[in-house]
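Notes follow the structure.
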Amino acid sequence: MICFYYPVMAPSTKRQICSNANPNNKRLRKQDQTKEGQEKIDRNVMAVDKLLPRLPDLIVHKIFRLIPTKLAIRSTIVSKQWASVWSLGVPLLDFDDEGDSTDHDGDNLVRRKLLFIDFVESCMKHCGKKKLLELDSFRLRMRYDSELIGATRIDKWFSFVVDRCVKELDISIQRKDDNDPVKSTYYCIPHTILNAQFLTGLNLEHVRIQESIDLISLPLLKTMSLNTVLFDCRMHSDRSLWMGCPSIEHLSLTSCSFSSLQCSTITVINSSLKFLQVMYCKCVSFQLRDENLESVIFTSEFSQLHSICLLNECVKLKYISIYAQHAKICEIPGTCRDNVKANIDIPNLRVFGYDGYLLPNDVISMKARNPLAALIKLNWDAEEEVLELTFLPPWTHFPTWRDFLQNFDCFDKLELDIRHDAIAEVLTFSENFRKTFSPPLPNIKYVRISIVRLRCPQTVARVSALINSLHWMAPSATITLNYWDYGPPESSGESSGEDE
């Protein structure tokens, strides 16, 4: 009797033997592996989904608003709840091509940029399908390569977000190669952006603003920041970009330049601006005229900067900070209604101008290496009672005047143009004060003082007291004192520091 023994095989083993025996079944094996891999992923997702605490949809929505769009999409894989919130639409798009990879290989770089472009447009299609009517914010950071993507294609992206009433725009489109300006061109900001009616915040970096800026209208814009922006030559002072922004309060210009040096004048004229910062811009002159401005910071190392002028219309200024390595002329207003703190550091300053009032608590400090002349015009507007000298005890305003005048001891020449004889009385430092404090102008060489708009005749005693005070103020200077418009002969004329 002959017995046969047949081994019992599991079904998976049988399938494996059949698969190895028949090459045509490799496709089935691959499908099984894919199915098993997907099932494993699903099990892992379900496990993670159970471990994650369920947050309110509003919190998840806020998290999506704080992270880039690519990371937001990746996070939807982890949680079904997050995927559900994302599918409803988030009013924020954030794209950053520069942060995706550090690979600089030519072919890989081109491939990555094309994938980035497709990703941006697919996200916009998703927003279109969800009928997202409003966008709170749109952020785009990429390098501009006109050979890969034309400006018209990027313009359509901005038209898409502007049509959805975008409120904040953060745009940085760097040139392909900053070291090769001939082959690498700037991306020009379209008028679609500069006429976004619902825009409240605008940040532009590494782009160009074209000539025709007279059509700009940003009625709700509150904050504007321009960094490394190139202005065309016709960006002239009387047609500045911010004149089309009637609601702007914060303006920042950093490392901006002009296509032509001849028209590189920055003029800020706006009735709503409150805070202004201009840092390292290439301009030959800076002029400011804003009646509501409270704070201005100006810093420049540009060798061809000539003048900085803050005009008398800036009546609400409270803080002034100026550093300009090569400027020659500086003028600041003295018409401010509140006390001002001013720090001025201009090593190569030649002429300084101050026109207006000086309140008892004003703090003005100045640094200059070889200044030539300071022109100081002091007013007293009795109607507005800006300077209520009659209510101030002498020891209140004397220190203010002394500290103010001490800033100009580094100049060769000081000219004081006094518009009211009440201010001349303030310059008459009392004898007790002169014995207690050192003179404010010990090194100045020449002082010329003109007093106009006299309200009453000057007696010989008053003039004598003023002359003694002037000699104490500038003991080494030649002093010229002139009265204008009114005064008896003995109260007019000149007094020299050499004559006692």
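Chain labels follow the order of the structure tokens: the first chain is A, the next B, and so on; residue numbering restarts at 1 in every chain, and ligands are counted from 1 in their shown order.
With only C-alpha atoms taken into account, the protein and nucleic acid residues at most 6 Å from Tyr323 in chain A (excluding it and anything under 6 positions from it in its own chain) are Thr299, Asp345 and Ile346 of chain A.
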Give me the range 135-247 of chain A side of the contact with range 65-88 of chain A, cut-off 10 Å, one line per residue showing its nearest atom pair and distance in Å at one decimal, counting only C-alpha atoms, sorted by chain and residue number, as CSV.
residue,atom,partner,partner_atom,distance
A:Asp136,CA,A:Arg65,CA,9.4
A:Ser137,CA,A:Arg65,CA,8.9
A:Arg139,CA,A:Pro68,CA,8.9
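The nearest approach to Ala324 in chain A among the residues A:His306, A:Arg54, A:Arg337, A:Lys129, with only C-alpha atoms taken into account, belongs to A:His306.
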* Name the residues of range 275-435 of chain A that fall into strand (DSSP E or B) according to DSSP on the backbone, using the chain letters and numbers of this document, as a PyMOL selection string. => chain A and resi 275-279+285-289+295-300+307-310+319-324+329-334+341-345+351-356+363-367+373-378+413-418
Hey, what does DSSP flag as alpha helix (DSSP H) within range 214-428 of chain A? Can you give it to me as a list of chain:residue names?
A:Pro394, A:Trp395, A:Thr396, A:His397, A:Phe398, A:Pro399, A:Thr400, A:Trp401, A:Arg402, A:Asp403, A:Phe404, A:Leu405, A:Gln406, A:Asp421, A:Ala422, A:Ile423, A:Ala424, A:Glu425, A:Val426, A:Leu427
CA of His471 in chain A sits from CA of Ala368 in chain A at a separation of 24.2 Å
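For the set A:Lys318, A:Lys222, A:Lys377, A:Arg164, the residue with the smallest atom-to-atom gap to Leu273 in chain A is A:Lys222, counting only C-alpha atoms.
Proximity ranking of A:Thr228, A:Ser122, A:Ser476, A:Asn370 relative to Lys328 in chain A places A:Asn370 first, based on only C-alpha atoms.
Using only C-alpha atoms for every distance, the candidate list A:Leu92, A:Met473, A:Val447, A:Leu310 yields A:Met473 as the residue closest to Lys435 in chain A.
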List the spatial neighbours of Arg369 in chain A as a tab-separated table (two decimals) with all heavy atoms, in the first residue's frame - criterion: any atom at most 12 Å away, only C-alpha atoms, same-chain residues fewer than 4 positions off excluded.
chain	number	residue	atom	x	y	z
A	325	GLN	N	24.46	110.45	6.94
A	325	GLN	CA	25.91	110.50	6.92
A	325	GLN	C	26.45	111.66	6.08
A	325	GLN	O	27.43	112.31	6.44
A	325	GLN	CB	26.47	109.18	6.39
A	325	GLN	CG	27.99	109.11	6.30
A	325	GLN	CD	28.64	109.03	7.65
A	325	GLN	OE1	28.06	108.51	8.59
A	325	GLN	NE2	29.87	109.52	7.76
A	326	HIS	N	25.78	111.96	4.95
A	326	HIS	CA	26.37	112.91	4.00
A	326	HIS	C	25.50	114.13	3.72
A	326	HIS	O	25.85	114.93	2.85
A	326	HIS	CB	26.63	112.19	2.66
A	326	HIS	CG	27.54	111.01	2.79
A	326	HIS	ND1	28.91	111.13	2.93
A	326	HIS	CD2	27.28	109.66	2.82
A	326	HIS	CE1	29.45	109.91	3.02
A	326	HIS	NE2	28.49	109.01	2.96
A	327	ALA	N	24.41	114.32	4.41
A	327	ALA	CA	23.55	115.48	4.16
A	327	ALA	C	24.27	116.76	4.54
A	327	ALA	O	25.09	116.81	5.46
A	327	ALA	CB	22.25	115.35	4.93
A	328	LYS	N	23.94	117.84	3.81
A	328	LYS	CA	24.55	119.14	4.05
A	328	LYS	C	23.59	120.14	4.70
A	328	LYS	O	24.02	121.04	5.42
A	328	LYS	CB	25.05	119.73	2.71
A	328	LYS	CG	26.06	118.86	1.98
A	328	LYS	CD	27.33	118.69	2.79
A	328	LYS	CE	28.40	117.95	2.00
A	328	LYS	NZ	28.05	116.55	1.72
A	345	ASP	N	21.60	113.46	14.10
A	345	ASP	CA	23.00	113.07	13.97
A	345	ASP	C	23.38	113.15	12.49
A	345	ASP	O	23.07	112.26	11.70
A	345	ASP	CB	23.21	111.65	14.51
A	345	ASP	CG	24.68	111.26	14.56
A	345	ASP	OD1	25.53	112.03	14.05
A	345	ASP	OD2	24.98	110.17	15.09
A	346	ILE	N	24.03	114.27	12.12
A	346	ILE	CA	24.42	114.50	10.72
A	346	ILE	C	25.89	114.94	10.73
A	346	ILE	O	26.21	116.12	10.90
A	346	ILE	CB	23.53	115.58	10.06
A	346	ILE	CG1	22.05	115.21	10.23
A	346	ILE	CG2	23.87	115.72	8.58
A	346	ILE	CD1	21.10	116.23	9.63
A	347	PRO	N	26.83	114.00	10.57
A	347	PRO	CA	28.26	114.33	10.72
A	347	PRO	C	28.75	115.43	9.79
A	347	PRO	O	29.58	116.24	10.20
A	347	PRO	CB	28.94	112.98	10.41
A	347	PRO	CG	27.91	111.94	10.72
A	347	PRO	CD	26.60	112.56	10.35
A	348	ASN	N	28.27	115.48	8.55
A	348	ASN	CA	28.77	116.45	7.57
A	348	ASN	C	27.82	117.63	7.37
A	348	ASN	O	27.84	118.27	6.33
A	348	ASN	CB	29.00	115.74	6.23
A	348	ASN	CG	30.12	114.71	6.33
A	348	ASN	OD1	31.27	115.04	6.60
A	348	ASN	ND2	29.78	113.44	6.13
A	349	LEU	N	27.02	117.92	8.37
A	349	LEU	CA	26.07	119.03	8.27
A	349	LEU	C	26.79	120.36	8.11
A	349	LEU	O	27.79	120.63	8.79
A	349	LEU	CB	25.19	119.06	9.53
A	349	LEU	CG	24.10	120.13	9.58
A	349	LEU	CD1	23.04	119.85	8.53
A	349	LEU	CD2	23.47	120.19	10.97
A	350	ARG	N	26.25	121.20	7.23
A	350	ARG	CA	26.80	122.54	7.03
A	350	ARG	C	25.84	123.63	7.49
A	350	ARG	O	26.25	124.62	8.09
A	350	ARG	CB	27.15	122.76	5.55
A	350	ARG	CG	28.10	121.75	4.97
A	350	ARG	CD	29.43	121.74	5.71
A	350	ARG	NE	30.21	122.94	5.48
A	350	ARG	CZ	31.26	123.30	6.20
A	350	ARG	NH1	31.62	122.55	7.24
A	350	ARG	NH2	31.93	124.39	5.92
A	351	VAL	N	24.56	123.46	7.23
A	351	VAL	CA	23.57	124.48	7.60
A	351	VAL	C	22.39	123.80	8.27
A	351	VAL	O	21.86	122.82	7.75
A	351	VAL	CB	23.09	125.28	6.36
A	351	VAL	CG1	22.03	126.29	6.76
A	351	VAL	CG2	24.27	125.98	5.69
A	408	PHE	N	24.16	124.00	19.57
A	408	PHE	CA	24.75	124.71	18.44
A	408	PHE	C	26.15	125.23	18.75
A	408	PHE	O	26.70	126.03	17.99
A	408	PHE	CB	23.83	125.86	18.02
A	408	PHE	CG	22.42	125.43	17.79
A	408	PHE	CD1	21.43	125.70	18.72
A	408	PHE	CD2	22.09	124.70	16.66
A	408	PHE	CE1	20.13	125.28	18.52
A	408	PHE	CE2	20.78	124.26	16.46
A	408	PHE	CZ	19.81	124.55	17.39
A	409	ASP	N	26.72	124.79	19.86
A	409	ASP	CA	28.08	125.21	20.18
A	409	ASP	C	29.10	124.65	19.21
A	409	ASP	O	30.21	125.15	19.09
A	409	ASP	CB	28.41	124.79	21.61
A	409	ASP	CG	29.73	125.37	22.09
A	409	ASP	OD1	29.96	126.57	21.85
A	409	ASP	OD2	30.54	124.61	22.68
A	410	CYS	N	28.73	123.60	18.49
A	410	CYS	CA	29.65	123.00	17.51
A	410	CYS	C	29.67	123.77	16.19
A	410	CYS	O	30.49	123.49	15.32
A	410	CYS	CB	29.27	121.55	17.26
A	410	CYS	SG	27.56	121.32	16.73
A	411	PHE	N	28.76	124.74	16.02
A	411	PHE	CA	28.72	125.52	14.79
A	411	PHE	C	29.73	126.66	14.85
A	411	PHE	O	30.13	127.12	15.94
A	411	PHE	CB	27.32	126.10	14.57
A	411	PHE	CG	26.31	125.09	14.10
A	411	PHE	CD1	25.71	124.22	14.99
A	411	PHE	CD2	25.95	125.01	12.77
A	411	PHE	CE1	24.78	123.29	14.58
A	411	PHE	CE2	25.02	124.09	12.33
A	411	PHE	CZ	24.44	123.22	13.24
A	412	ASP	N	30.12	127.15	13.67
A	412	ASP	CA	30.96	128.34	13.59
A	412	ASP	C	30.15	129.61	13.78
A	412	ASP	O	30.63	130.59	14.37
A	412	ASP	CB	31.69	128.41	12.24
A	412	ASP	CG	32.70	127.30	12.09
A	412	ASP	OD1	33.21	126.82	13.13
A	412	ASP	OD2	32.98	126.89	10.95
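Of note, CA of Tyr446 in chain A and CA of Ala373 in chain A are spaced 9.5 Å apart.
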